[in-house]
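Q: Structure: input-v8.txt, compact mmCIF, C-alpha atoms.
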```txt
# COMPACT_ATOMS: atom_id res chain seq x y z
CA MET H 1 1.62 -5.20 19.90
CA ASN H 2 -2.11 -5.01 20.64
CA SER H 3 -4.75 -7.43 19.42
CA ILE H 4 -5.91 -5.09 16.63
CA GLN H 5 -2.42 -5.02 15.14
CA ILE H 6 -2.09 -8.81 15.46
CA LEU H 7 -5.41 -9.18 13.63
CA LYS H 8 -4.27 -6.83 10.87
CA ASN H 9 -0.95 -8.65 10.45
CA CYS H 10 -2.72 -11.99 10.12
CA PHE H 11 -5.13 -10.68 7.47
CA ALA H 12 -2.28 -8.91 5.63
CA LYS H 13 -0.75 -12.30 4.80
CA ILE H 14 -3.70 -13.37 2.66
CA PRO H 15 -2.29 -14.80 -0.59
CA PHE H 16 -3.56 -13.84 -4.04
CA ARG H 17 -4.48 -16.31 -6.75
CA GLY H 18 -2.18 -16.48 -9.74
CA THR H 19 0.86 -14.17 -9.59
CA ALA H 20 1.79 -11.72 -6.84
CA TYR H 21 -0.65 -9.38 -8.60
CA GLY H 22 -3.48 -11.87 -8.72
CA PRO H 23 -5.16 -13.47 -11.75
CA SER H 24 -4.34 -12.31 -15.27
CA VAL H 25 -5.21 -8.80 -16.43
CA VAL H 26 -7.81 -10.28 -18.79
CA ALA H 27 -9.53 -12.16 -15.95
CA GLN H 28 -9.50 -9.10 -13.71
CA LYS H 29 -10.93 -6.86 -16.43
CA LEU H 30 -13.73 -9.32 -17.16
CA PHE H 31 -14.66 -9.49 -13.48
CA LEU H 32 -14.52 -5.71 -13.08
CA GLU H 33 -16.74 -5.11 -16.12
CA LYS H 34 -19.46 -7.37 -14.71
CA LEU H 35 -19.86 -5.31 -11.54
CA PRO H 36 -22.55 -2.61 -11.38
CA SER H 37 -21.98 1.13 -11.12
CA PRO H 38 -21.79 2.06 -7.41
CA GLN H 39 -24.68 4.17 -6.14
CA ASP H 40 -22.91 5.51 -3.04
CA ASP H 41 -19.71 5.24 -1.01
CA TRP H 42 -20.90 2.17 0.87
CA GLU H 43 -21.36 0.33 -2.41
CA ARG H 44 -17.95 1.55 -3.62
CA SER H 45 -16.36 -0.08 -0.57
CA TYR H 46 -18.39 -3.25 -0.99
CA LEU H 47 -17.51 -3.58 -4.68
CA GLN H 48 -13.82 -3.06 -3.85
CA TYR H 49 -14.21 -5.80 -1.23
CA LYS H 50 -15.77 -8.06 -3.91
CA CYS H 51 -12.78 -7.39 -6.18
CA GLN H 52 -10.36 -8.34 -3.42
CA THR H 53 -12.39 -11.47 -2.68
CA PHE H 54 -12.04 -12.41 -6.37
CA LEU H 55 -8.26 -12.11 -6.04
CA GLN H 56 -8.20 -14.59 -3.15
CA SER H 57 -8.74 -18.31 -3.23
CA TYR H 58 -12.29 -19.46 -2.50
CA ILE H 59 -11.18 -21.33 0.62
CA TRP H 60 -9.39 -18.26 2.00
CA SER H 61 -12.52 -16.16 1.53
CA ILE H 62 -14.63 -18.66 3.46
CA LEU H 63 -12.10 -18.91 6.28
CA LEU H 64 -11.84 -15.13 6.60
CA ASN H 65 -15.59 -14.70 6.71
CA CYS H 66 -15.99 -17.45 9.33
CA ALA H 67 -13.23 -15.99 11.52
CA ALA H 68 -14.71 -12.51 11.21
CA ALA H 69 -18.18 -13.79 12.16
CA VAL H 70 -16.72 -14.97 15.47
CA LEU H 71 -14.59 -11.87 16.07
CA PHE H 72 -17.17 -9.25 15.14
CA PRO H 73 -19.32 -9.43 18.34
CA ILE H 74 -16.18 -9.70 20.50
CA TYR H 75 -14.70 -6.50 19.11
CA TRP H 76 -18.10 -4.78 19.11
CA ILE H 77 -18.44 -5.28 22.86
CA ARG H 78 -14.86 -4.27 23.48
CA LEU H 79 -14.89 -1.11 21.35
CA CYS H 80 -18.21 0.12 22.75
CA SER H 81 -16.76 0.04 26.28
CA VAL H 82 -13.58 2.04 25.60
CA LYS H 83 -13.31 5.55 27.07
CA LEU H 84 -12.39 8.61 25.01
CA SER H 85 -8.77 9.78 25.20
CA ASP H 86 -7.82 13.33 26.15
CA GLN H 87 -8.64 15.94 23.50
CA GLN H 88 -5.80 17.63 21.59
CA PRO H 89 -7.31 19.78 18.79
CA CYS H 90 -5.21 20.18 15.62
CA ASP H 91 -5.56 21.23 12.00
CA ALA H 92 -5.08 17.91 10.20
CA VAL H 93 -4.08 14.40 11.26
CA LEU H 94 -1.74 12.21 9.23
CA LEU H 95 -2.37 8.50 9.84
CA PHE H 96 0.86 7.09 8.50
CA SER H 97 3.90 5.37 10.01
CA GLY H 98 6.27 5.96 7.08
CA PRO H 99 8.61 8.82 6.17
CA ARG H 100 7.06 12.28 6.02
CA ASN H 101 8.65 13.22 2.68
CA ILE H 102 6.11 11.12 0.82
CA VAL H 103 3.34 13.54 1.84
CA PRO H 104 2.57 16.11 -0.92
CA ARG H 105 4.21 19.45 -0.17
CA SER H 106 1.00 21.36 -0.93
CA LEU H 107 -0.71 19.57 1.96
CA GLU H 108 2.12 20.57 4.31
CA GLU H 109 1.55 24.17 3.22
CA GLU H 110 -2.24 23.97 3.53
CA PHE H 111 -2.45 22.33 6.96
CA ARG H 112 -0.57 22.17 10.23
CA ILE H 113 -0.27 18.39 10.19
CA LEU H 114 0.10 16.14 13.23
CA GLN H 115 1.50 12.73 12.26
CA ILE H 116 0.16 9.81 14.31
CA GLU H 117 2.09 6.55 13.91
CA ASP H 118 0.31 4.49 16.58
CA PHE H 119 -3.19 5.28 15.29
CA GLN H 120 -4.14 1.59 15.36
CA ASP H 121 -3.77 1.53 19.13
CA HIS H 122 -6.69 3.90 19.80
CA LEU H 123 -10.19 2.77 18.91
CA TYR H 124 -13.66 3.19 20.28
CA LEU H 125 -17.29 3.43 19.16
CA ASP H 126 -19.96 5.78 20.46
CA LYS H 127 -23.74 5.40 20.13
CA GLU H 128 -23.84 7.27 16.83
CA ASP H 129 -21.26 4.87 15.37
CA GLN H 130 -23.27 1.90 16.58
CA VAL H 131 -26.32 3.16 14.67
CA TYR H 132 -24.14 3.72 11.56
CA LEU H 133 -22.70 0.21 11.73
CA ARG H 134 -26.10 -1.40 12.28
CA LYS H 135 -27.32 0.21 9.05
CA LEU H 136 -24.22 -1.07 7.24
CA HIS H 137 -24.84 -4.53 8.72
CA ARG H 138 -28.44 -4.52 7.49
CA ARG H 139 -27.27 -3.81 3.94
CA TYR H 140 -24.54 -6.49 3.93
CA PRO H 141 -25.66 -8.92 6.67
CA PHE H 142 -23.48 -11.92 5.79
CA SER H 143 -20.25 -10.19 4.74
CA PHE H 144 -18.63 -10.47 8.15
CA TYR H 145 -15.05 -9.81 7.07
CA PHE H 146 -16.20 -6.65 5.29
CA LEU H 147 -18.17 -5.55 8.35
CA LEU H 148 -15.36 -6.35 10.79
CA LYS H 149 -12.76 -4.29 8.95
CA CYS H 150 -15.18 -1.39 8.48
CA MET H 151 -15.98 -1.46 12.19
CA LEU H 152 -12.30 -1.40 13.20
CA LYS H 153 -11.49 1.48 10.84
CA ILE H 154 -14.54 3.49 11.94
CA ALA H 155 -13.51 2.96 15.57
CA MET H 156 -10.05 4.28 14.66
CA TYR H 157 -11.49 7.34 12.91
CA ARG H 158 -13.92 7.97 15.77
CA ASP H 159 -11.01 8.27 18.17
CA VAL H 160 -9.10 10.57 15.81
CA ILE H 161 -12.09 12.84 15.13
CA SER H 162 -13.11 13.05 18.79
CA ARG H 163 -9.59 13.51 20.13
CA TYR H 164 -8.12 15.90 17.54
CA GLN H 165 -11.20 17.55 15.96
CA PRO H 166 -9.31 17.92 12.64
CA LYS H 167 -10.38 19.64 9.45
CA ALA H 168 -8.88 16.74 7.51
CA ILE H 169 -7.66 13.17 7.94
CA ILE H 170 -4.75 12.33 5.63
CA CYS H 171 -3.76 8.73 4.88
CA SER H 172 -2.34 6.37 2.25
CA GLU H 173 -5.02 3.69 2.08
CA GLU H 174 -6.34 3.42 -1.49
CA TYR H 175 -5.78 -0.34 -1.32
CA SER H 176 -8.19 -0.70 1.64
CA PHE H 177 -11.78 -1.55 0.79
CA THR H 178 -12.86 0.47 3.85
CA SER H 179 -11.70 3.74 2.26
CA SER H 180 -14.98 4.80 0.64
CA VAL H 181 -17.01 3.98 3.75
CA LEU H 182 -14.57 6.13 5.71
CA THR H 183 -14.99 8.98 3.21
CA ASP H 184 -18.74 8.83 3.84
CA TYR H 185 -18.13 8.67 7.60
CA CYS H 186 -15.82 11.71 7.46
CA LEU H 187 -18.36 13.66 5.39
CA ARG H 188 -20.95 13.11 8.11
CA HIS H 189 -18.50 14.67 10.59
CA GLN H 190 -17.45 17.59 8.34
CA VAL H 191 -13.92 16.20 7.98
CA GLU H 192 -12.13 16.04 4.63
CA HIS H 193 -10.72 12.62 3.75
CA ILE H 194 -7.45 12.94 1.80
CA ASN H 195 -5.25 10.16 0.38
CA PHE H 196 -1.79 10.17 -1.16
CA GLN H 197 -0.11 7.56 -3.33
CA HIS H 198 2.40 5.32 -1.58
CA GLY H 199 3.57 2.79 -4.18
CA VAL H 200 3.71 2.29 -7.94
CA LYS H 201 0.30 1.80 -9.52
CA MET H 202 -0.40 -1.05 -11.91
CA TYR H 203 -3.59 -2.67 -13.19
CA PHE H 204 -4.70 -4.51 -10.06
CA ILE H 205 -8.36 -4.57 -9.03
CA ARG H 206 -7.42 -4.59 -5.37
CA GLU H 207 -7.60 -0.78 -5.81
CA ALA H 208 -10.88 -0.60 -7.72
CA PHE H 209 -13.79 1.76 -7.01
CA PHE H 210 -12.34 3.76 -4.08
CA ARG H 211 -13.24 7.40 -3.40
CA PHE H 212 -11.63 10.08 -1.26
CA ASP H 213 -12.34 13.80 -1.24
CA ARG H 214 -8.85 14.20 -2.70
CA CYS H 215 -6.39 11.56 -3.88
CA TYR H 216 -2.86 12.76 -4.67
CA VAL H 217 -1.02 10.72 -7.31
CA TRP H 218 2.53 10.94 -8.62
CA ASP H 219 1.69 11.32 -12.30
CA GLN H 220 -1.06 11.20 -14.91
CA HIS H 221 -0.18 7.55 -15.63
CA SER H 222 -1.21 6.56 -12.07
CA ALA H 223 -4.44 8.55 -12.29
CA ASP H 224 -5.34 6.94 -15.63
CA ILE H 225 -4.80 3.42 -14.26
CA LEU H 226 -6.93 4.12 -11.18
CA ARG H 227 -9.71 5.61 -13.30
CA SER H 228 -9.63 2.48 -15.47
CA LEU H 229 -10.17 0.55 -12.23
CA ARG H 230 -13.39 2.57 -11.75
CA ALA H 231 -12.13 4.66 -8.86
CA ALA H 232 -14.16 7.88 -8.61
CA PRO H 233 -12.74 10.02 -11.44
CA GLY H 234 -12.93 13.53 -9.96
CA GLN H 235 -10.72 13.00 -6.91
CA PHE H 236 -7.22 12.97 -8.42
CA VAL H 237 -4.58 15.65 -7.91
CA THR H 238 -1.17 15.16 -9.57
CA GLU H 239 1.84 16.13 -7.46
CA ARG H 240 5.25 14.52 -7.16
CA PRO H 241 6.45 14.33 -3.52
CA LEU H 242 9.96 14.93 -2.22
CA SER H 243 10.43 11.17 -1.85
CA LEU H 244 10.58 11.01 -5.66
CA CYS H 245 12.53 14.22 -6.31
CA PHE H 246 15.54 14.14 -4.02
CA SER H 247 16.60 17.46 -2.53
CA GLU H 248 20.15 16.14 -2.12
CA GLN H 249 22.21 14.83 -5.02
CA THR H 250 25.33 13.60 -3.20
CA THR H 251 26.14 11.05 -0.52
CA THR H 252 29.11 10.21 1.68
CA LEU H 253 28.36 6.48 1.49
CA GLU H 254 30.72 4.17 -0.36
CA ARG H 255 29.67 3.89 -3.99
CA VAL H 256 28.45 0.64 -5.51
CA ASP H 257 27.91 -0.39 -9.11
CA TYR H 258 24.53 -2.07 -8.60
CA THR H 259 21.92 -2.17 -5.85
CA TYR H 260 19.20 -4.80 -5.92
CA TYR H 261 15.93 -3.66 -4.26
CA LEU H 262 14.16 -6.68 -2.83
CA GLN H 263 10.43 -6.86 -2.20
CA ILE H 264 9.14 -10.06 -0.56
CA PRO H 265 11.09 -12.91 -2.21
CA THR H 266 10.48 -16.57 -1.56
CA PRO H 267 13.57 -18.61 -0.55
CA GLN H 268 13.79 -19.91 -4.13
CA GLU H 269 13.52 -16.43 -5.63
CA LEU H 270 16.15 -15.06 -3.25
CA GLU H 271 18.46 -17.92 -4.19
CA THR H 272 18.07 -17.02 -7.88
CA ILE H 273 18.64 -13.33 -7.18
CA ILE H 274 21.81 -13.95 -5.17
CA LYS H 275 23.08 -16.33 -7.87
CA ASN H 276 22.70 -13.65 -10.56
CA LEU H 277 24.19 -10.93 -8.36
CA THR H 278 27.17 -13.16 -7.64
CA ILE H 279 27.71 -13.43 -11.40
CA LEU H 280 27.69 -9.63 -11.63
CA GLN H 281 30.16 -9.50 -8.75
CA LYS H 282 32.54 -11.99 -10.36
CA ARG H 283 32.53 -9.82 -13.46
CA GLY H 284 33.84 -6.86 -11.49
CA GLY H 285 30.72 -5.28 -10.03
CA LYS H 286 30.40 -4.02 -6.45
CA ILE H 287 26.92 -5.13 -5.36
CA ALA H 288 24.53 -4.02 -2.59
CA VAL H 289 21.25 -5.70 -1.69
CA ARG H 290 18.50 -3.72 0.05
CA PRO H 291 15.68 -5.73 1.68
CA HIS H 292 12.21 -4.33 2.23
CA PRO H 293 12.15 -2.68 5.70
CA LEU H 294 9.43 -5.06 6.90
CA HIS H 295 11.35 -8.18 5.85
CA ILE H 296 14.97 -7.54 6.72
CA ASP H 297 15.11 -10.26 9.39
CA LEU H 298 13.75 -12.83 6.94
CA VAL H 299 16.35 -11.85 4.36
CA LYS H 300 19.17 -11.99 6.91
CA SER H 301 18.29 -15.59 7.71
CA LEU H 302 18.40 -16.48 4.00
CA TYR H 303 21.56 -14.50 3.28
CA LYS H 304 24.23 -16.77 4.74
CA ASP H 305 25.88 -17.74 1.46
CA SER H 306 26.06 -14.25 -0.05
CA SER H 307 29.77 -13.72 0.55
CA GLY H 308 30.96 -10.38 -0.79
CA LEU H 309 27.52 -8.88 -1.34
CA LEU H 310 26.76 -5.82 0.79
CA LEU H 311 23.53 -6.17 2.79
CA GLU H 312 22.11 -2.67 3.18
CA ASP H 313 20.01 -2.08 6.30
CA PRO H 314 17.03 0.18 5.42
CA ARG H 315 16.74 1.15 9.08
CA GLU H 316 20.16 2.78 8.87
CA VAL H 317 20.39 3.90 5.23
CA SER H 318 17.56 5.97 3.72
CA ILE H 319 16.22 5.06 0.30
CA GLU H 320 17.49 8.42 -0.98
CA GLN H 321 21.05 7.73 0.19
CA SER H 322 20.82 4.18 -1.13
CA LEU H 323 19.90 5.33 -4.63
CA LEU H 324 22.41 8.18 -4.67
CA ARG H 325 25.26 5.78 -3.86
CA THR H 326 24.51 3.36 -6.70
CA ASP H 327 25.32 3.57 -10.40
CA CYS H 328 22.37 1.35 -11.29
CA ALA H 329 19.16 0.18 -9.55
CA ILE H 330 17.88 -3.37 -10.12
CA ALA H 331 14.48 -4.79 -9.08
CA LEU H 332 11.50 -6.81 -10.18
CA SER H 333 8.93 -4.00 -9.83
CA SER H 334 9.94 -2.00 -6.78
CA ALA H 335 8.95 1.65 -6.31
CA ALA H 336 12.70 2.26 -5.98
CA LEU H 337 12.95 1.96 -9.76
CA ILE H 338 10.66 4.90 -10.44
CA GLN H 339 12.50 6.88 -7.76
CA ALA H 340 15.70 6.12 -9.65
CA VAL H 341 14.15 7.21 -12.96
CA TYR H 342 13.01 10.55 -11.54
CA ASN H 343 16.56 11.16 -10.27
CA ASN H 344 18.36 10.16 -13.49
CA ILE H 345 19.74 6.87 -12.14
CA PRO H 346 19.83 3.99 -14.69
CA ILE H 347 17.51 1.06 -13.97
CA VAL H 348 17.51 -2.67 -14.71
CA ILE H 349 14.34 -4.77 -14.54
CA ASP H 350 14.87 -8.35 -13.34
CA ASP H 351 13.35 -10.57 -16.05
CA ILE H 352 14.98 -13.78 -14.75
CA THR H 353 13.87 -14.46 -11.17
CA ILE H 354 10.15 -14.90 -11.93
CA PRO H 355 9.69 -16.25 -15.47
CA GLY H 356 6.90 -14.46 -17.33
CA LEU H 357 6.73 -11.53 -14.89
CA TYR H 358 8.34 -9.10 -17.35
CA ASP H 359 5.54 -9.61 -19.89
CA ASP H 360 2.97 -9.55 -17.08
CA LEU H 361 4.26 -6.16 -15.90
CA THR H 362 3.84 -4.83 -19.42
CA ALA H 363 0.22 -6.00 -19.46
CA ARG H 364 -0.35 -4.42 -16.05
CA GLN H 365 0.97 -1.06 -17.34
CA TYR H 366 3.92 -0.86 -14.96
CA ILE H 367 5.26 2.64 -15.62
CA CYS H 368 8.93 1.62 -15.72
CA MET H 369 8.24 -0.47 -18.81
CA LYS H 370 7.71 2.83 -20.63
CA LYS H 371 10.94 4.31 -19.26
CA GLU H 372 14.45 3.68 -20.55
CA HIS H 373 15.74 0.48 -18.93
CA ARG H 374 17.70 -2.71 -19.48
CA ARG H 375 16.70 -6.28 -18.69
CA LEU H 376 18.84 -8.19 -16.21
CA SER H 377 19.28 -10.96 -18.79
CA GLU H 378 20.66 -8.41 -21.26
CA LEU H 379 23.03 -6.96 -18.65
CA LEU H 380 24.44 -10.38 -17.74
CA ALA H 381 24.84 -11.30 -21.42
CA SER H 382 26.68 -8.05 -22.17
CA LEU H 383 29.24 -8.78 -19.44
CA GLU H 384 30.13 -12.28 -20.65
```
Can the structure in the file be given as structure tokens, please?

A:
Amino acid sequence: MNSIQILKNCFAKIPFRGTAYGPSVVAQKLFLEKLPSPQDDWERSYLQYKCQTFLQSYIWSILLNCAAAVLFPIYWIRLCSVKLSDQQPCDAVLLFSGPRNIVPRSLEEEFRILQIEDFQDHLYLDKEDQVYLRKLHRRYPFSFYFLLKCMLKIAMYRDVISRYQPKAIICSEEYSFTSSVLTDYCLRHQVEHINFQHGVKMYFIREAFFRFDRCYVWDQHSADILRSLRAAPGQFVTERPLSLCFSEQTTTLERVDYTYYLQIPTPQELETIIKNLTILQKRGGKIAVRPHPLHIDLVKSLYKDSSGLLLEDPREVSIEQSLLRTDCAIALSSAALIQAVYNNIPIVIDDITIPGLYDDLTARQYICMKKEHRRLSELLASLE
């Protein structure tokens, strides 16, 4: 793992204030309403950065800015001395390390797409980029964390544009405050900047203000939420990818009654989840638990006392096969629930593990709250 990836992983662990989705919806709306209307893409990125700073603790924001102030000149020198990689012209570049079936089919038909999974390993800045970044620095001279991340992403895009000379760069980065700056950067190089939805959208100002040339969303509900977050309104295209509409409807895997789709549980939350699943098991249910692919090792270490529960390895079992094998999907707010809905699989929303989260998800306009579902508390009560 290179130093850029290490840096990203460290920053990715920044905690939010309040719940996993930050302060209350009311507090987020009040903050969002106080911000001005963005005059250009640079200001869109900066206002999205301000929203994300609001979600963090004050101490975290100071620490990030101080660390970035030290790292910025180090990475500047390093990136300006890197040599250009060999050129390999292509139609469009997909900067994404996940499964290809989440990419809208219309894009696959429009472009010959080259998927690059190690795009974070190739970065450099030329003289034109240095001028661009100096102008950005003059506008926001003391926002070092903002400037550092913009510099790293521009260095990444510089390598992609120079090496592949694409008509379009395709990504899934609406949550990144660098996105609008990168749209402006791509425009200056006659490259279309296209985004596609990766996870379920809720009211969360982490994703405020962004703009791409095109942003593909799963449904009108997602587009409406993002517009309410003041993302540029004219960018949205509604299209449901294959990852939501399974081409196969059968599986050879052993069937289970319930599958719980974990996100990033704390030890205490996982203990509560396993306790409730054990109750389901004792009442005759065959139970599988599917960790998030990025956290399977953590879950394994916390899973010692889960006798009889099937631990499903996402590296070996696709999400499609996982859902097709189960009679019912259970989660707090996982994207797996909406995948289940779109494939006529019953869902249960866990209203026990995190007290108050169920009502919070309603306030945040979580789409599954509007779909037919049961609460986990109701399911357990019905089996007594």

Q: Just the number, please: distance in Å from CA of Gln87 (chain H) to CA of Asn101 (chain H), one decimal.

A: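 That distance, rounded to one decimal, is 27.2 Å.
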
Q: Taking all atoms listed in the file into account, which of H:Cys80, H:Glu254, H:Glu109, H:Tyr175 comes nearest Leu133 (chain H)?

A: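 Closest to Leu133 (chain H) of all the choices is H:Cys80.
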
Q: Go through region 82-173 of chain H residue by residue and, counting only C-alpha atoms, keep those with an atom at most 10 Å from region 25-49 of chain H; for each kept residue give the shortest atom pair and its distance in Å to one decimal, ordered by chain and increasing number, as JSON lines.

A:
```
{"residue": "H:Leu136", "atom": "CA", "partner": "H:Trp42", "partner_atom": "CA", "distance": 7.9}
{"residue": "H:Arg139", "atom": "CA", "partner": "H:Trp42", "partner_atom": "CA", "distance": 9.3}
{"residue": "H:Tyr140", "atom": "CA", "partner": "H:Tyr46", "partner_atom": "CA", "distance": 8.5}
{"residue": "H:Ser143", "atom": "CA", "partner": "H:Tyr46", "partner_atom": "CA", "distance": 9.2}
{"residue": "H:Tyr145", "atom": "CA", "partner": "H:Tyr49", "partner_atom": "CA", "distance": 9.3}
{"residue": "H:Phe146", "atom": "CA", "partner": "H:Tyr49", "partner_atom": "CA", "distance": 6.9}
{"residue": "H:Leu147", "atom": "CA", "partner": "H:Tyr46", "partner_atom": "CA", "distance": 9.6}
{"residue": "H:Cys150", "atom": "CA", "partner": "H:Ser45", "partner_atom": "CA", "distance": 9.2}
```

Q: Quick one: residues within 7 Å of Ser179 (chain H), only C-alpha atoms, excluding same-chain residues fewer than 5 positions away - as JSON, numbers by chain?

A: {"H": [45, 173, 174, 210, 211]}

Q: Any chance you can output those residues with C-alpha atoms as a PDB file, keeping the file's coordinate frame?

A:
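result_2.pdb was written with the following content:
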```pdb
ATOM      1  CA  SER H  45     -16.360  -0.080  -0.570  1.00  0.00           C
ATOM      2  CA  GLU H 173      -5.020   3.690   2.080  1.00  0.00           C
ATOM      3  CA  GLU H 174      -6.340   3.420  -1.490  1.00  0.00           C
ATOM      4  CA  PHE H 210     -12.340   3.760  -4.080  1.00  0.00           C
ATOM      5  CA  ARG H 211     -13.240   7.400  -3.400  1.00  0.00           C
TER       6      ARG H 211
END
```

Q: Go through region 229-329 of chain H and flag each residue having an atom no more than 12 Å from region 369-382 of chain H; for those, report the closest pair of atoms plus their distance in Å to one decimal, using only C-alpha atoms, ordered by chain and rising number, as JSON lines.

A:
```
{"residue": "H:Tyr258", "atom": "CA", "partner": "H:Leu379", "partner_atom": "CA", "distance": 11.3}
{"residue": "H:Tyr260", "atom": "CA", "partner": "H:Leu376", "partner_atom": "CA", "distance": 10.8}
{"residue": "H:Ile273", "atom": "CA", "partner": "H:Leu376", "partner_atom": "CA", "distance": 10.4}
{"residue": "H:Lys275", "atom": "CA", "partner": "H:Leu380", "partner_atom": "CA", "distance": 11.6}
{"residue": "H:Asn276", "atom": "CA", "partner": "H:Leu380", "partner_atom": "CA", "distance": 8.1}
{"residue": "H:Leu277", "atom": "CA", "partner": "H:Leu380", "partner_atom": "CA", "distance": 9.4}
{"residue": "H:Thr278", "atom": "CA", "partner": "H:Leu380", "partner_atom": "CA", "distance": 10.8}
{"residue": "H:Ile279", "atom": "CA", "partner": "H:Leu380", "partner_atom": "CA", "distance": 7.8}
{"residue": "H:Leu280", "atom": "CA", "partner": "H:Leu380", "partner_atom": "CA", "distance": 7.0}
{"residue": "H:Gln281", "atom": "CA", "partner": "H:Leu380", "partner_atom": "CA", "distance": 10.7}
{"residue": "H:Lys282", "atom": "CA", "partner": "H:Leu380", "partner_atom": "CA", "distance": 11.1}
{"residue": "H:Arg283", "atom": "CA", "partner": "H:Leu380", "partner_atom": "CA", "distance": 9.2}
{"residue": "H:Gly284", "atom": "CA", "partner": "H:Leu380", "partner_atom": "CA", "distance": 11.8}
{"residue": "H:Gly285", "atom": "CA", "partner": "H:Leu380", "partner_atom": "CA", "distance": 11.2}
{"residue": "H:Cys328", "atom": "CA", "partner": "H:His373", "partner_atom": "CA", "distance": 10.2}
{"residue": "H:Ala329", "atom": "CA", "partner": "H:His373", "partner_atom": "CA", "distance": 10.0}
```

Q: From the set H:Gln321, H:Leu242, H:Arg158, H:Asp129, which residue has the shortest atom-to-atom contact distance to Glu108 (chain H), counting all atoms listed in the file?

A: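 With all atoms listed in the file as the atom set, the closest residue is H:Leu242.
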
Q: Could you pull the residues within 8 Å of Arg214 (chain H), counting only C-alpha atoms, minus those fewer than 5 positions along the same chain, as a list in words?

A: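 The contact residues come out as His193, Ile194, Asn195, Gln235, Phe236 and Val237 of chain H.
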
Q: If you measure from CA of Ser106 (chain H) to CA of Phe209 (chain H), what distance in Å do you get, rounded to one decimal?

A: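 Answer for the CA of Ser106 (chain H) to CA of Phe209 (chain H) separation: 25.3 Å.
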
Q: Please write C-alpha atoms of region 338-379 of chain H, from the structure given just now, as a PDB file, in the first residue's frame.

A:
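Now in selection03.pdb:
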```
ATOM      1  CA  ILE H 338     -33.152  -1.817  -1.230  1.00  0.00           C
ATOM      2  CA  GLN H 339     -31.582  -4.512  -3.416  1.00  0.00           C
ATOM      3  CA  ALA H 340     -33.881  -6.990  -1.690  1.00  0.00           C
ATOM      4  CA  VAL H 341     -36.921  -4.760  -2.261  1.00  0.00           C
ATOM      5  CA  TYR H 342     -36.206  -4.428  -5.980  1.00  0.00           C
ATOM      6  CA  ASN H 343     -35.975  -8.229  -6.225  1.00  0.00           C
ATOM      7  CA  ASN H 344     -39.144  -8.997  -4.226  1.00  0.00           C
ATOM      8  CA  ILE H 345     -37.332 -10.296  -1.133  1.00  0.00           C
ATOM      9  CA  PRO H 346     -38.983  -9.373   2.216  1.00  0.00           C
ATOM     10  CA  ILE H 347     -37.008  -7.012   4.456  1.00  0.00           C
ATOM     11  CA  VAL H 348     -36.724  -6.383   8.195  1.00  0.00           C
ATOM     12  CA  ILE H 349     -35.290  -3.155   9.608  1.00  0.00           C
ATOM     13  CA  ASP H 350     -33.353  -3.566  12.854  1.00  0.00           C
ATOM     14  CA  ASP H 351     -34.960  -1.147  15.330  1.00  0.00           C
ATOM     15  CA  ILE H 352     -33.272  -2.678  18.400  1.00  0.00           C
ATOM     16  CA  THR H 353     -29.479  -2.484  18.041  1.00  0.00           C
ATOM     17  CA  ILE H 354     -29.236   1.327  17.978  1.00  0.00           C
ATOM     18  CA  PRO H 355     -32.095   2.862  19.993  1.00  0.00           C
ATOM     19  CA  GLY H 356     -33.681   5.817  18.205  1.00  0.00           C
ATOM     20  CA  LEU H 357     -32.123   4.997  14.821  1.00  0.00           C
ATOM     21  CA  TYR H 358     -35.430   3.831  13.327  1.00  0.00           C
ATOM     22  CA  ASP H 359     -37.048   7.235  13.897  1.00  0.00           C
ATOM     23  CA  ASP H 360     -33.845   8.951  12.755  1.00  0.00           C
ATOM     24  CA  LEU H 361     -33.917   7.013   9.466  1.00  0.00           C
ATOM     25  CA  THR H 362     -37.480   8.199   8.909  1.00  0.00           C
ATOM     26  CA  ALA H 363     -36.389  11.811   9.396  1.00  0.00           C
ATOM     27  CA  ARG H 364     -33.471  11.270   7.014  1.00  0.00           C
ATOM     28  CA  GLN H 365     -35.871   9.961   4.323  1.00  0.00           C
ATOM     29  CA  TYR H 366     -34.352   6.485   4.114  1.00  0.00           C
ATOM     30  CA  ILE H 367     -36.197   4.980   1.144  1.00  0.00           C
ATOM     31  CA  CYS H 368     -36.855   1.602   2.797  1.00  0.00           C
ATOM     32  CA  MET H 369     -39.045   3.322   5.374  1.00  0.00           C
ATOM     33  CA  LYS H 370     -41.502   3.935   2.528  1.00  0.00           C
ATOM     34  CA  LYS H 371     -41.335   0.308   1.368  1.00  0.00           C
ATOM     35  CA  GLU H 372     -43.176  -2.644   2.891  1.00  0.00           C
ATOM     36  CA  HIS H 373     -41.110  -3.939   5.815  1.00  0.00           C
ATOM     37  CA  ARG H 374     -41.228  -5.304   9.344  1.00  0.00           C
ATOM     38  CA  ARG H 375     -39.329  -4.151  12.410  1.00  0.00           C
ATOM     39  CA  LEU H 376     -36.987  -6.631  14.052  1.00  0.00           C
ATOM     40  CA  SER H 377     -38.772  -6.061  17.369  1.00  0.00           C
ATOM     41  CA  GLU H 378     -42.068  -7.020  15.726  1.00  0.00           C
ATOM     42  CA  LEU H 379     -40.546 -10.148  14.172  1.00  0.00           C
TER      43      LEU H 379
END
```
